[in-house]
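*Asks:* There's a structure below that I have some questions on.
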Amino acid sequence: RGPDWLAVATVLGALLLCYYLLPVLSLVASQSPTAVLARLDDPAVVGAMTTSVVASTVSTLVGVAFGLPLAYWLARTDGRVKTLVTALVVLPLVLPPIVSGMVLLTVVGPDTLVGELASASGLPLTRSIAGVVLAQTFVASPFVVVTAKAAFEGVDDRLEAASRSLGKSRATTVRRVTLPLAWPGILAGVTLAFARAIGEFGATIMLAYYPRTMPVQIWVAFSTEGLSEAFPVAVVLLGVSVVSLVVLN
Amino acid sequence: RGPDWLAVATVLGALLLCYYLLPVLSLVASQSPTAVLARLDDPAVVGAMTTSVVASTVSTLVGVAFGLPLAYWLARTDGRVKTLVTALVVLPLVLPPIVSGMVLLTVVGPDTLVGELASASGLPLTRSIAGVVLAQTFVASPFVVVTAKAAFEGVDDRLEAASRSLGKSRATTVRRVTLPLAWPGILAGVTLAFARAIGEFGATIMLAYYPRTMPVQIWVAFSTEGLSEAFPVAVVLLGVSVVSLVVLN
Amino acid sequence: MLELDALETRYDDFTFGPLDLTVEDEVLAVLGPSGSGKTTLLSTVAGIVSSAGGSVRLDGRELTGRPPEARGTGVVFQDGALFPHMTARENLSYAATDAGRVGELANLLEIDDVLGRRPGALSGGERQRVALARTLAADPDALLLDEPLSSLDAPIRRRLRLELHDLFGSLDIPVVCVTHDQRTASALGDRLAVLRDGQLEQAGPCSAVLERPATPFVARFTGSENVLTARVLERTVEAVLLGLAPGRPLAALDGTRVTADVGETVTVSVHPARFEFGRETTAELHGVAPLQGCVQRLVNEGDQYRLVVETRPGGDSSTAGLALAVTAAPTTVSRLGLAAGEQVSLSVDPADVNVIG
Amino acid sequence: MLELDALETRYDDFTFGPLDLTVEDEVLAVLGPSGSGKTTLLSTVAGIVSSAGGSVRLDGRELTGRPPEARGTGVVFQDGALFPHMTARENLSYAATDAGRVGELANLLEIDDVLGRRPGALSGGERQRVALARTLAADPDALLLDEPLSSLDAPIRRRLRLELHDLFGSLDIPVVCVTHDQRTASALGDRLAVLRDGQLEQAGPCSAVLERPATPFVARFTGSENVLTARVLERTVEAVLLGLAPGRPLAALDGTRVTADVGETVTVSVHPARFEFGRETTAELHGVAPLQGCVQRLVNEGDQYRLVVETRPGGDSSTAGLALAVTAAPTTVSRLGLAAGEQVSLSVDPADVNVIG
C-alpha cells in the first residue's frame, strides 16, 4: 500500500484554509477600533470613501445594464461565435490590471481623440471620477457577464419554450421566467463585480490617480507615511466592502 | 406595445463588447514591434520577466497542490460547514488586492514573529521572491479552488459510487474517474489563477516591491519616465501572459 | 386541421423528415423508439426549433417561419416543464387568456386541491395535470403532447390514460401525442403514425396500423413480434394457403391478400396475443390443422403469461425449430394447465395473419 | 445469502425502513412507486449511503459500516453509470479482477462488437449490457440492479427481460432487482417485495404476491385494480358465498378462506385479466350465476383490450352501478364481438378472488 493519500490531501487543504484565514484574523486583532474611528474624520479618507462607493456603484450598475443582455445572448448561442465572444469577455479578467489601465489610456487618455473630445466638453475621462468608473467597469463588468451567463445557462430552455408556446413574447418570457430563475446567480455576479470594483487598484492608479479611491489612498498613505498610517484606511475599506456586500445580498 | 427591448438589449451588449475589444486593438496597433524588442535587452525588464514567470508558476503549482484537495472536499460536503469554508475561500477574491497585501504583512511582515524567524533562517518573506509567491498565492489560488470545486461537482457522484462498488478505493476512484472527468474545469481554474498571479499588482507592491515583477516594473517606469517608457514592458507582459496561457491549455 | 407538408429539420447528425402528415380534429398518436425524432416533430411544429424546409399549416394559417408565441400550438412538455418559481395557480394564470378559465380547468383536471403548491411539491401525476391545464388555459388551436404518461407509476398511468382519452375526445382541435409506449399510443390515438430514424414508417387509423403493420419494423415495434417467412402452399381463385414449410399450413387467406404464386415466399407477421390455444388437438380450426409445438418458456408477467413455443414446421426433429412468441391470458393458462415442456396446439384466425409482402 | 436486519436509513424528509429481508441465491424483485425507497434500499445495501440502524450481512460477513469497495455488492445503476471517458472495453477492464473474464463476459452479453465505443456512442440496450458486464467483471457476491429496463424501448426491453431471466438463473448469488414496472418484476423475480413509503408492504414468492396481495395498495400496484367490498351471503362448513349485494353472488370460496359471518363484509380484489366472459348467459359457472354488466368503454391497448364494465349489483337500475376494470385478449373480443354499450356476463374462478380481509 502507498501513502495515505486521504490524510495528505486533508493536511494540504487545511493548510490552505489557514493561509486564507490567518491574515484576516491578524488584521482585525491588530487594529484598535478607536484608531480606525479617528481616521473617519480625515477629509482625505472621507473623500476616498465617497469616490470609491459612488464609482463602484455606478460601474456595477453599468456592468449590469450592459452585461446582462450580453450574458443572455451568450447563454443562448452556440458555435464559434460564442467561443470567440466568450474569450473576449474573459480577456479583461486575465489581463493584468495595470495593463488594463494602460490599454484604456490608449483609448480614452488625454492625448487621444476620445479623451480630447471629452475634455473639451467638460467631462475629462482621466483624473476624474469618470476615469475611475471606466477603469472599474472594464475590470469588473466581465464578472457580471460570466456569472450571469452561467446562471442563464442553468435555466432549462424548455421553460422558455413553454412560455413562448403559451403565447408570450421573448421579452415577457425573459422578464417573468428567465430572470427570476437566474436571479440568485446574477446576484452572485453583481456581488463579485462590486467587490472587484471597490478593490480595483492597478487600472485605477493608471487612469485616475485623482480623485483618489480608497485603494489608491491606502497606497499613498503606505508609501509616504508607512504601514501604521495605511492600516486604519485599509480597515475602513474592508468595512465598506463588507457592508456593501451584505446590503447587496 | 412598449419599446423594442430586443433591439435595446442588443445595442447594450454590443457596446460592452466594443469596450472590451477597442483598448486591446488600440494597444497592439500603437506599438512598433522594434521598440518592444529593443526593451527585451534591458536587464530590468529581463529581471522582472524572470521574477514574474518563476513566481507565477510556483504560486500556481502551490495553488493546485493545496487547492485541489480543498476543492474536492468542498464539492463532496454539504451543510453549514461548506457554506462557511466557501465564504472563506471567496474572501481573497473579494478582498481588495492592496488590502490583501496589508493583511499578509501583518502575518509575514518583517516585524512579525513569522517574518523574523524566516529572515533569521535566511529566507526573508518580504522583498524577496518568496514574498511575491506568498502574495500571488493568496490572491490567485482561490480561483483554483472555486473552479475545481465546480468541476468536481459537475462529475456525477453515481460514477464515483459505481467505481467504489466495483471494489476501487476512494484514492483510485478520484485518480482514475473524478480527476480525468473534472480535468477541463480544473485547467480553466489553473489558467485563471496563473493569469491572476502574473498580473498581480496591489498585494505584490505591498509585500515585495523588490524583486520587481513585471506589473511593478510597469508602474515604476510609468511613474518615473511616463507612459511611453512603460508601454513596451506592458506589451511584453501581455505577450508573456498570452504565451504562458497558450502553453497551459 | 394541422397540415405538415414536406416538413424537414436538420441537426448536425440527424435529419428529420421530409414528412407529410395531416391531422384533423382528432388524436394522432406518434409512436417510435428513442431517437426516432418524436420530440423533434413536436418542436418543429411548435416553432421551438426552426424547420429546414417544408411548411406547417394550422386551420389554413401558414405557421412556417412564425415564432412559437404566434402559432397557437399548445405544447405539454415531457415532465410538464412547469415554472418552478410559480405555484400551480400562477402557472395557469400566466398562460390564461381568460382568467375565468383557470378555475374551470382546475375543476376539469381535478387539481383544485393543489393549486397553491409549487411544482416541486406535486406528484408526477399532479404535475402532468397542471401542465395540461396550463396549456389548455392558453386556448390553443392544436395540442401537442410529449410522452405525457412516461414518468408515471402504473396505476396513475392507467387512470390518466382513460381520462386523457375522454378529454381529447371533447376537444375539437387536432391533438398530436408522442409516445414510445405502444399501449398508450393505441389507447389514446384515433390514428397512429410510426416514426423511425426521422422518417414516417407508417400512418393510418389505429387499428389498421396495429393489425396490418406494413413493415417488419412497425410489426415488431407495435408488438407483432412474430415476423415469419411463409410459403404459398396452394392457391385457388378464392383462397391462398400459407405454410411455414411444405405440408404444414399456417392459415388459409383470402386470395386477394397475397399475389405470390405457389412455391414463392411472403413475409407475414402475427401478434403474440392472436394465437388460439389447444392441448394436442389436431382438429381443424379456421380451415387448417393447428401448429404443434413445445412450450420452451412460460413467464408470468402479471397480467399475462409470455410463452416461447418451439414448433417444428418440418414435422420431425431433424428440421430446425421455429420459436414463436405467444402470450396467453392467465385464465387460459390455468384452464389448459399450460407449463414449460408441454405440448400445445396453436391456431390463428386468417384475419390475424398480416401480410407484409 | 443476503440478510437485512432492521435496516434503516434517514434523510431530511424521508425514513427508509426499518426493514427485514433475506435473499437466498435467488432473484428478489423489489416493486414500488417512485419515492418508495427502492434506490435507497440498494444504496444502503451497497454502502453508498450509510445506514442509520440495523445491519446487512452477506454470506455471513457483516457489511454494516464497511465502505462500498469492501462489500462485494455489485451495483448496476439506472442508465448504467458507465465512465464516459473510457470505452466499453476500458469500463470492463477497470472493473475486472481477472483480465481474462472481459472477453468471456463480452461474449455472454453479446457486446463484442461495441467494446471499442465510448458510452455516448452506445444505444440504451447496449449501455445496459455493458453496465451489467462491468459489474459482473468485478465478480460480486451479490448483484443489485436499479431499474435495469426502464429506459429501453419495448422490443429491446422484451428481449433483455428474457435474457436477464436466464442470466440471473445461472448466477449462484443473491440478485436484487428494483423496478417500478410490475411486468418486469414478475418476469424476473423468484420472489417479490413491494415497498411503499420506505416500508415493506408485502414480500413472498412472486406468484403468491401477485395472486394474493395482502393490502389494497399491493393489489392496485400489482394490477389487481378491482378492490371490492363483498358481503358474506351464505356460509356452510365447506364453503362461503360472497356477493356484491344481497342475492347477487360473486363467487363461492372455500370456507377456510373467509372468517367473517353472514352479513359481514370483507375486502377482496380481482385482477382485470381474471374474468371470464360470456354474452348474456345466465348459466352457472364455478357454481354461481355470472354477473351481468354493460360495457361502458372498450379501449384497444394493442396486446389487449381494456374494458370498463358497469354492473348493477342490485339487479335494477335504481341502485348505483359498480364499475369493474376488465381486460380481454383480442381473440376474446373478436370471438364474442364485444363493443361499447353491449351487455356481457362475467364469471370469476373462486381461486382468482383474493381475500384481503
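By order in the C-alpha cells, chains are A, B, ...; within a chain, residues start at 1; ligands start at 1, following the order shown.
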Up to 12 Å from chain C, what residues of chain A turn up? Count only C-alpha atoms and give them as a list in words.

*Replies:*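 So the contacting residues turn out to be Gly79, Val155, Asp156, Asp157, Arg158, Leu159, Glu160, Ala161, Ala162, Ser163, Arg164, Ser165, Leu166, Gly167, Lys168, Ser169, Arg170, Ala171, Thr172, Thr173, Arg176, Val177, Thr178, Leu179, Pro180, Leu181, Ala182 and Trp183 of chain A.
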
*Asks:* Any chance you could export the current selection's N, CA, C and O atoms as an mmCIF file, in the first residue's frame?

*Replies:*
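Saved file result17.cif follows:
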data_model
loop_
_atom_site.group_PDB
_atom_site.id
_atom_site.type_symbol
_atom_site.label_atom_id
_atom_site.label_comp_id
_atom_site.auth_asym_id
_atom_site.auth_seq_id
_atom_site.Cartn_x
_atom_site.Cartn_y
_atom_site.Cartn_z
ATOM 1 N N GLY A 79 -21.614 27.534 -30.934
ATOM 2 C CA GLY A 79 -20.683 27.541 -32.056
ATOM 3 C C GLY A 79 -19.505 28.472 -31.858
ATOM 4 O O GLY A 79 -19.187 28.883 -30.743
ATOM 5 N N VAL A 155 -30.882 27.864 -16.524
ATOM 6 C CA VAL A 155 -32.340 27.860 -16.653
ATOM 7 C C VAL A 155 -32.701 26.951 -17.826
ATOM 8 O O VAL A 155 -32.313 27.215 -18.961
ATOM 9 N N ASP A 156 -33.408 25.855 -17.529
ATOM 10 C CA ASP A 156 -33.837 24.892 -18.535
ATOM 11 C C ASP A 156 -34.493 25.623 -19.707
ATOM 12 O O ASP A 156 -35.490 26.321 -19.527
ATOM 13 N N ASP A 157 -33.948 25.451 -20.919
ATOM 14 C CA ASP A 157 -34.527 26.240 -22.021
ATOM 15 C C ASP A 157 -35.899 25.713 -22.438
ATOM 16 O O ASP A 157 -36.609 26.388 -23.180
ATOM 17 N N ARG A 158 -36.285 24.541 -21.917
ATOM 18 C CA ARG A 158 -37.661 24.099 -22.177
ATOM 19 C C ARG A 158 -38.667 25.018 -21.475
ATOM 20 O O ARG A 158 -39.797 25.153 -21.914
ATOM 21 N N LEU A 159 -38.237 25.641 -20.359
ATOM 22 C CA LEU A 159 -39.147 26.569 -19.676
ATOM 23 C C LEU A 159 -39.398 27.792 -20.555
ATOM 24 O O LEU A 159 -40.523 28.294 -20.616
ATOM 25 N N GLU A 160 -38.373 28.268 -21.235
ATOM 26 C CA GLU A 160 -38.576 29.385 -22.155
ATOM 27 C C GLU A 160 -39.457 28.946 -23.324
ATOM 28 O O GLU A 160 -40.367 29.673 -23.740
ATOM 29 N N ALA A 161 -39.186 27.745 -23.846
ATOM 30 C CA ALA A 161 -40.008 27.238 -24.939
ATOM 31 C C ALA A 161 -41.457 27.124 -24.486
ATOM 32 O O ALA A 161 -42.386 27.481 -25.228
ATOM 33 N N ALA A 162 -41.653 26.640 -23.244
ATOM 34 C CA ALA A 162 -43.016 26.508 -22.727
ATOM 35 C C ALA A 162 -43.692 27.869 -22.660
ATOM 36 O O ALA A 162 -44.830 28.038 -23.106
ATOM 37 N N SER A 163 -42.991 28.862 -22.134
ATOM 38 C CA SER A 163 -43.581 30.192 -22.010
ATOM 39 C C SER A 163 -43.972 30.739 -23.376
ATOM 40 O O SER A 163 -45.067 31.273 -23.562
ATOM 41 N N ARG A 164 -43.093 30.574 -24.351
ATOM 42 C CA ARG A 164 -43.390 31.141 -25.664
ATOM 43 C C ARG A 164 -44.511 30.386 -26.355
ATOM 44 O O ARG A 164 -45.350 30.992 -27.019
ATOM 45 N N SER A 165 -44.555 29.058 -26.167
ATOM 46 C CA SER A 165 -45.660 28.334 -26.803
ATOM 47 C C SER A 165 -46.973 28.633 -26.100
ATOM 48 O O SER A 165 -48.039 28.305 -26.611
ATOM 49 N N LEU A 166 -46.917 29.276 -24.912
ATOM 50 C CA LEU A 166 -48.143 29.745 -24.257
ATOM 51 C C LEU A 166 -48.527 31.128 -24.754
ATOM 52 O O LEU A 166 -49.426 31.759 -24.206
ATOM 53 N N GLY A 167 -47.809 31.625 -25.762
ATOM 54 C CA GLY A 167 -48.206 32.870 -26.398
ATOM 55 C C GLY A 167 -47.476 34.102 -25.886
ATOM 56 O O GLY A 167 -47.849 35.224 -26.233
ATOM 57 N N LYS A 168 -46.437 33.908 -25.055
ATOM 58 C CA LYS A 168 -45.728 35.055 -24.508
ATOM 59 C C LYS A 168 -44.527 35.398 -25.393
ATOM 60 O O LYS A 168 -43.827 34.504 -25.873
ATOM 61 N N SER A 169 -44.264 36.694 -25.541
ATOM 62 C CA SER A 169 -43.138 37.133 -26.364
ATOM 63 C C SER A 169 -41.830 36.797 -25.670
ATOM 64 O O SER A 169 -41.788 36.420 -24.503
ATOM 65 N N ARG A 170 -40.740 36.958 -26.420
ATOM 66 C CA ARG A 170 -39.430 36.684 -25.850
ATOM 67 C C ARG A 170 -39.149 37.610 -24.672
ATOM 68 O O ARG A 170 -38.647 37.180 -23.627
ATOM 69 N N ALA A 171 -39.499 38.902 -24.826
ATOM 70 C CA ALA A 171 -39.225 39.862 -23.747
ATOM 71 C C ALA A 171 -39.991 39.485 -22.476
ATOM 72 O O ALA A 171 -39.431 39.451 -21.383
ATOM 73 N N THR A 172 -41.281 39.150 -22.614
ATOM 74 C CA THR A 172 -42.074 38.745 -21.453
ATOM 75 C C THR A 172 -41.502 37.480 -20.829
ATOM 76 O O THR A 172 -41.424 37.348 -19.603
ATOM 77 N N THR A 173 -41.100 36.550 -21.673
ATOM 78 C CA THR A 173 -40.530 35.295 -21.182
ATOM 79 C C THR A 173 -39.281 35.552 -20.359
ATOM 80 O O THR A 173 -39.113 35.006 -19.262
ATOM 81 N N ARG A 176 -40.344 37.357 -16.995
ATOM 82 C CA ARG A 176 -41.138 36.653 -15.988
ATOM 83 C C ARG A 176 -40.676 35.231 -15.709
ATOM 84 O O ARG A 176 -41.075 34.634 -14.706
ATOM 85 N N VAL A 177 -39.871 34.655 -16.597
ATOM 86 C CA VAL A 177 -39.415 33.278 -16.358
ATOM 87 C C VAL A 177 -37.896 33.230 -16.160
ATOM 88 O O VAL A 177 -37.415 32.790 -15.119
ATOM 89 N N THR A 178 -37.155 33.730 -17.138
ATOM 90 C CA THR A 178 -35.702 33.526 -17.096
ATOM 91 C C THR A 178 -35.043 34.326 -15.983
ATOM 92 O O THR A 178 -34.289 33.782 -15.174
ATOM 93 N N LEU A 179 -35.337 35.641 -15.941
ATOM 94 C CA LEU A 179 -34.684 36.479 -14.932
ATOM 95 C C LEU A 179 -34.981 36.015 -13.493
ATOM 96 O O LEU A 179 -34.046 35.863 -12.705
ATOM 97 N N PRO A 180 -36.237 35.764 -13.138
ATOM 98 C CA PRO A 180 -36.476 35.306 -11.756
ATOM 99 C C PRO A 180 -35.711 34.032 -11.409
ATOM 100 O O PRO A 180 -35.211 33.893 -10.296
ATOM 101 N N LEU A 181 -35.601 33.120 -12.383
ATOM 102 C CA LEU A 181 -34.937 31.856 -12.082
ATOM 103 C C LEU A 181 -33.422 32.015 -12.041
ATOM 104 O O LEU A 181 -32.733 31.315 -11.306
ATOM 105 N N ALA A 182 -32.891 32.962 -12.839
ATOM 106 C CA ALA A 182 -31.433 33.148 -12.866
ATOM 107 C C ALA A 182 -30.974 34.106 -11.781
ATOM 108 O O ALA A 182 -29.770 34.306 -11.606
ATOM 109 N N TRP A 183 -31.931 34.709 -11.064
ATOM 110 C CA TRP A 183 -31.600 35.811 -10.168
ATOM 111 C C TRP A 183 -30.500 35.506 -9.137
ATOM 112 O O TRP A 183 -29.576 36.319 -8.974
#

*Asks:* What are the residues of chain B lining chain A at 6 Å or less? Count only C-alpha atoms, and put the answer as a PDB file with N, CA, C and O atoms, in the first residue's frame.

*Replies:*
ATOM      1  N   ALA B   9     -31.528  45.737 -25.967  1.00  0.00           N
ATOM      2  CA  ALA B   9     -30.599  44.799 -25.344  1.00  0.00           C
ATOM      3  C   ALA B   9     -29.420  44.507 -26.267  1.00  0.00           C
ATOM      4  O   ALA B   9     -28.267  44.443 -25.833  1.00  0.00           O
ATOM      5  N   LEU B  12     -26.978  47.432 -26.204  1.00  0.00           N
ATOM      6  CA  LEU B  12     -26.239  47.497 -24.941  1.00  0.00           C
ATOM      7  C   LEU B  12     -25.121  46.458 -24.914  1.00  0.00           C
ATOM      8  O   LEU B  12     -23.962  46.762 -24.605  1.00  0.00           O
ATOM      9  N   GLY B  13     -25.475  45.231 -25.261  1.00  0.00           N
ATOM     10  CA  GLY B  13     -24.484  44.152 -25.239  1.00  0.00           C
ATOM     11  C   GLY B  13     -23.346  44.416 -26.202  1.00  0.00           C
ATOM     12  O   GLY B  13     -22.174  44.214 -25.871  1.00  0.00           O
ATOM     13  N   LEU B  16     -20.834  46.990 -24.888  1.00  0.00           N
ATOM     14  CA  LEU B  16     -19.916  46.463 -23.877  1.00  0.00           C
ATOM     15  C   LEU B  16     -18.791  45.675 -24.544  1.00  0.00           C
ATOM     16  O   LEU B  16     -17.625  45.794 -24.177  1.00  0.00           O
ATOM     17  N   PRO B  23      -9.691  48.813 -26.592  1.00  0.00           N
ATOM     18  CA  PRO B  23      -8.388  49.142 -25.988  1.00  0.00           C
ATOM     19  C   PRO B  23      -7.295  48.180 -26.409  1.00  0.00           C
ATOM     20  O   PRO B  23      -6.158  48.579 -26.657  1.00  0.00           O
ATOM     21  N   LEU B  27      -3.937  49.138 -28.289  1.00  0.00           N
ATOM     22  CA  LEU B  27      -2.595  48.898 -27.738  1.00  0.00           C
ATOM     23  C   LEU B  27      -1.707  48.208 -28.761  1.00  0.00           C
ATOM     24  O   LEU B  27      -0.575  48.628 -29.015  1.00  0.00           O
ATOM     25  N   PHE B  66      -2.341  22.464  -3.055  1.00  0.00           N
ATOM     26  CA  PHE B  66      -3.108  22.666  -1.834  1.00  0.00           C
ATOM     27  C   PHE B  66      -4.600  22.859  -2.120  1.00  0.00           C
ATOM     28  O   PHE B  66      -5.434  22.565  -1.284  1.00  0.00           O
ATOM     29  N   PRO B  69      -7.279  19.378  -3.191  1.00  0.00           N
ATOM     30  CA  PRO B  69      -7.922  18.633  -2.091  1.00  0.00           C
ATOM     31  C   PRO B  69      -9.040  19.433  -1.430  1.00  0.00           C
ATOM     32  O   PRO B  69     -10.116  18.890  -1.156  1.00  0.00           O
ATOM     33  N   LEU B  70      -8.787  20.721  -1.224  1.00  0.00           N
ATOM     34  CA  LEU B  70      -9.814  21.560  -0.613  1.00  0.00           C
ATOM     35  C   LEU B  70     -11.058  21.626  -1.511  1.00  0.00           C
ATOM     36  O   LEU B  70     -12.192  21.498  -1.032  1.00  0.00           O
ATOM     37  N   VAL B  94     -12.707  38.650  -3.055  1.00  0.00           N
ATOM     38  CA  VAL B  94     -13.445  39.906  -2.934  1.00  0.00           C
ATOM     39  C   VAL B  94     -12.654  40.942  -2.133  1.00  0.00           C
ATOM     40  O   VAL B  94     -13.030  42.103  -2.086  1.00  0.00           O
ATOM     41  N   PRO B  96      -9.953  43.637  -1.571  1.00  0.00           N
ATOM     42  CA  PRO B  96      -9.124  44.476  -2.449  1.00  0.00           C
ATOM     43  C   PRO B  96      -7.678  44.002  -2.375  1.00  0.00           C
ATOM     44  O   PRO B  96      -7.166  43.742  -1.271  1.00  0.00           O
ATOM     45  N   VAL B  99      -5.463  45.545   0.135  1.00  0.00           N
ATOM     46  CA  VAL B  99      -5.755  45.130   1.500  1.00  0.00           C
ATOM     47  C   VAL B  99      -5.180  43.738   1.746  1.00  0.00           C
ATOM     48  O   VAL B  99      -4.634  43.446   2.817  1.00  0.00           O
ATOM     49  N   VAL B 103      -2.866  42.720   4.872  1.00  0.00           N
ATOM     50  CA  VAL B 103      -3.142  41.688   5.860  1.00  0.00           C
ATOM     51  C   VAL B 103      -2.039  40.650   5.862  1.00  0.00           C
ATOM     52  O   VAL B 103      -1.668  40.121   6.913  1.00  0.00           O
ATOM     53  N   LEU B 104      -1.453  40.396   4.689  1.00  0.00           N
ATOM     54  CA  LEU B 104      -0.331  39.455   4.663  1.00  0.00           C
ATOM     55  C   LEU B 104       0.853  40.032   5.429  1.00  0.00           C
ATOM     56  O   LEU B 104       1.572  39.300   6.117  1.00  0.00           O
ATOM     57  N   VAL B 107       1.021  39.270   8.976  1.00  0.00           N
ATOM     58  CA  VAL B 107       1.381  37.903   9.375  1.00  0.00           C
ATOM     59  C   VAL B 107       2.848  37.595   9.066  1.00  0.00           C
ATOM     60  O   VAL B 107       3.564  37.051   9.903  1.00  0.00           O
ATOM     61  N   ALA B 195      -3.092  33.563 -14.685  1.00  0.00           N
ATOM     62  CA  ALA B 195      -3.260  34.917 -15.211  1.00  0.00           C
ATOM     63  C   ALA B 195      -3.358  35.936 -14.077  1.00  0.00           C
ATOM     64  O   ALA B 195      -2.756  37.015 -14.122  1.00  0.00           O
ATOM     65  N   GLY B 199      -0.418  38.839 -13.282  1.00  0.00           N
ATOM     66  CA  GLY B 199      -0.847  40.233 -13.364  1.00  0.00           C
ATOM     67  C   GLY B 199      -0.941  40.913 -12.007  1.00  0.00           C
ATOM     68  O   GLY B 199      -1.214  42.106 -11.932  1.00  0.00           O
ATOM     69  N   ALA B 234       4.624  46.748 -20.940  1.00  0.00           N
ATOM     70  CA  ALA B 234       3.256  46.237 -20.879  1.00  0.00           C
ATOM     71  C   ALA B 234       2.999  45.243 -21.999  1.00  0.00           C
ATOM     72  O   ALA B 234       2.382  44.189 -21.785  1.00  0.00           O
TER      73      ALA B 234
END

*Asks:* Considering only C-alpha atoms, give me a table of residues in chain C that are at most 9 Å from chain D, with the closest atom pair and distance in Å for each, as CSV.

*Replies:*
residue,atom,partner,partner_atom,distance
C:Gly32,CA,D:Asp153,CA,8.6
C:Pro33,CA,D:Asp153,CA,5.8
C:Ser34,CA,D:Asp153,CA,7.0
C:Gly124,CA,D:Ser34,CA,8.9
C:Leu152,CA,D:Ser34,CA,8.3
C:Asp153,CA,D:Pro33,CA,5.8
C:Ala154,CA,D:Phe221,CA,7.1
C:Pro155,CA,D:Phe221,CA,6.2
C:Leu162,CA,D:Val299,CA,8.6
C:His180,CA,D:Asp153,CA,6.8
C:Asp181,CA,D:Ala154,CA,7.2
C:Gln182,CA,D:Gly302,CA,7.0
C:Arg183,CA,D:Glu301,CA,4.7
C:Thr184,CA,D:Glu301,CA,7.0
C:Ala185,CA,D:Glu301,CA,7.8
C:Ser186,CA,D:Glu301,CA,5.2
C:Ala187,CA,D:Glu301,CA,5.1
C:Leu188,CA,D:Val299,CA,8.5
C:Cys206,CA,D:Asn300,CA,8.9
C:Ser207,CA,D:Asn300,CA,8.1
C:Leu210,CA,D:Gly302,CA,6.7
C:Glu211,CA,D:Gly302,CA,8.8
C:Arg220,CA,D:Pro155,CA,6.7
C:Phe221,CA,D:Pro155,CA,6.2
C:Thr222,CA,D:Gly302,CA,7.4
C:Gly223,CA,D:Asp303,CA,7.1
C:Ser224,CA,D:Asp303,CA,8.8
C:Glu225,CA,D:Pro155,CA,8.1
C:His271,CA,D:Asp303,CA,7.7
C:Pro272,CA,D:Asp303,CA,7.9
C:Ala273,CA,D:Asp303,CA,5.9
C:Arg274,CA,D:Thr331,CA,5.9
C:Phe275,CA,D:Thr331,CA,7.6
C:Glu276,CA,D:Thr331,CA,7.4
C:Val299,CA,D:Ala187,CA,5.8
C:Asn300,CA,D:Ala187,CA,5.7
C:Glu301,CA,D:Arg183,CA,4.7
C:Gly302,CA,D:Arg183,CA,5.9
C:Asp303,CA,D:Ala273,CA,5.9
C:Gln304,CA,D:Ala273,CA,7.5
C:Arg306,CA,D:Ala187,CA,8.8
C:Thr327,CA,D:Asp303,CA,8.8
C:Ala328,CA,D:Ala329,CA,8.0
C:Ala329,CA,D:Ala273,CA,6.7
C:Pro330,CA,D:Arg274,CA,6.5
C:Thr331,CA,D:Arg274,CA,5.9
C:Asp349,CA,D:Thr331,CA,8.7

*Asks:* Give me the residues within 8 Å of Asn354 (chain C) as a short mmCIF file (atom, residue, chain, number, x, y, z; two decimals) with N, CA, C and O atoms, in the first residue's frame, counting only C-alpha atoms and dropping any in the same chain fewer than 5 places off.

*Replies:*
data_model
loop_
_atom_site.label_atom_id
_atom_site.label_comp_id
_atom_site.auth_asym_id
_atom_site.auth_seq_id
_atom_site.Cartn_x
_atom_site.Cartn_y
_atom_site.Cartn_z
N GLU C 211 -53.10 -3.81 -36.70
CA GLU C 211 -53.44 -5.12 -37.24
C GLU C 211 -52.79 -5.39 -38.58
O GLU C 211 -52.66 -6.55 -38.97
N ARG C 212 -52.42 -4.34 -39.28
CA ARG C 212 -51.81 -4.53 -40.59
C ARG C 212 -50.51 -3.73 -40.71
O ARG C 212 -50.39 -2.84 -41.54
N PRO C 213 -49.53 -4.00 -39.84
CA PRO C 213 -48.26 -3.28 -39.97
C PRO C 213 -47.65 -3.50 -41.35
O PRO C 213 -47.68 -4.62 -41.87
N VAL C 268 -44.89 -12.50 -43.35
CA VAL C 268 -46.13 -12.24 -42.61
C VAL C 268 -45.78 -11.96 -41.16
O VAL C 268 -44.68 -12.28 -40.69
N SER C 269 -46.70 -11.31 -40.45
CA SER C 269 -46.49 -11.11 -39.02
C SER C 269 -47.74 -11.53 -38.27
O SER C 269 -48.86 -11.40 -38.77
N VAL C 270 -47.53 -12.05 -37.07
CA VAL C 270 -48.64 -12.45 -36.21
C VAL C 270 -48.35 -11.92 -34.80
O VAL C 270 -47.25 -12.12 -34.27
#

*Asks:* Would you list, as an MDAnalysis selection string, the residues of region 38-207 of chain A that end up in alpha helix (DSSP H) under DSSP run on this structure's backbone?

*Replies:* chainID A and resid 38:39 43:75 80:94 97:108 113:120 129:153 157:165 170:173 179:199 202:207

*Asks:* Please list as a list in words every residue within 8 Å of Thr204 (chain B), counting only C-alpha atoms and excluding residues in the same chain fewer than 5 positions away.

*Replies:* Gly101, Gly131, Val132, Ala135, Gln136, Tyr209 and Val216 of chain B
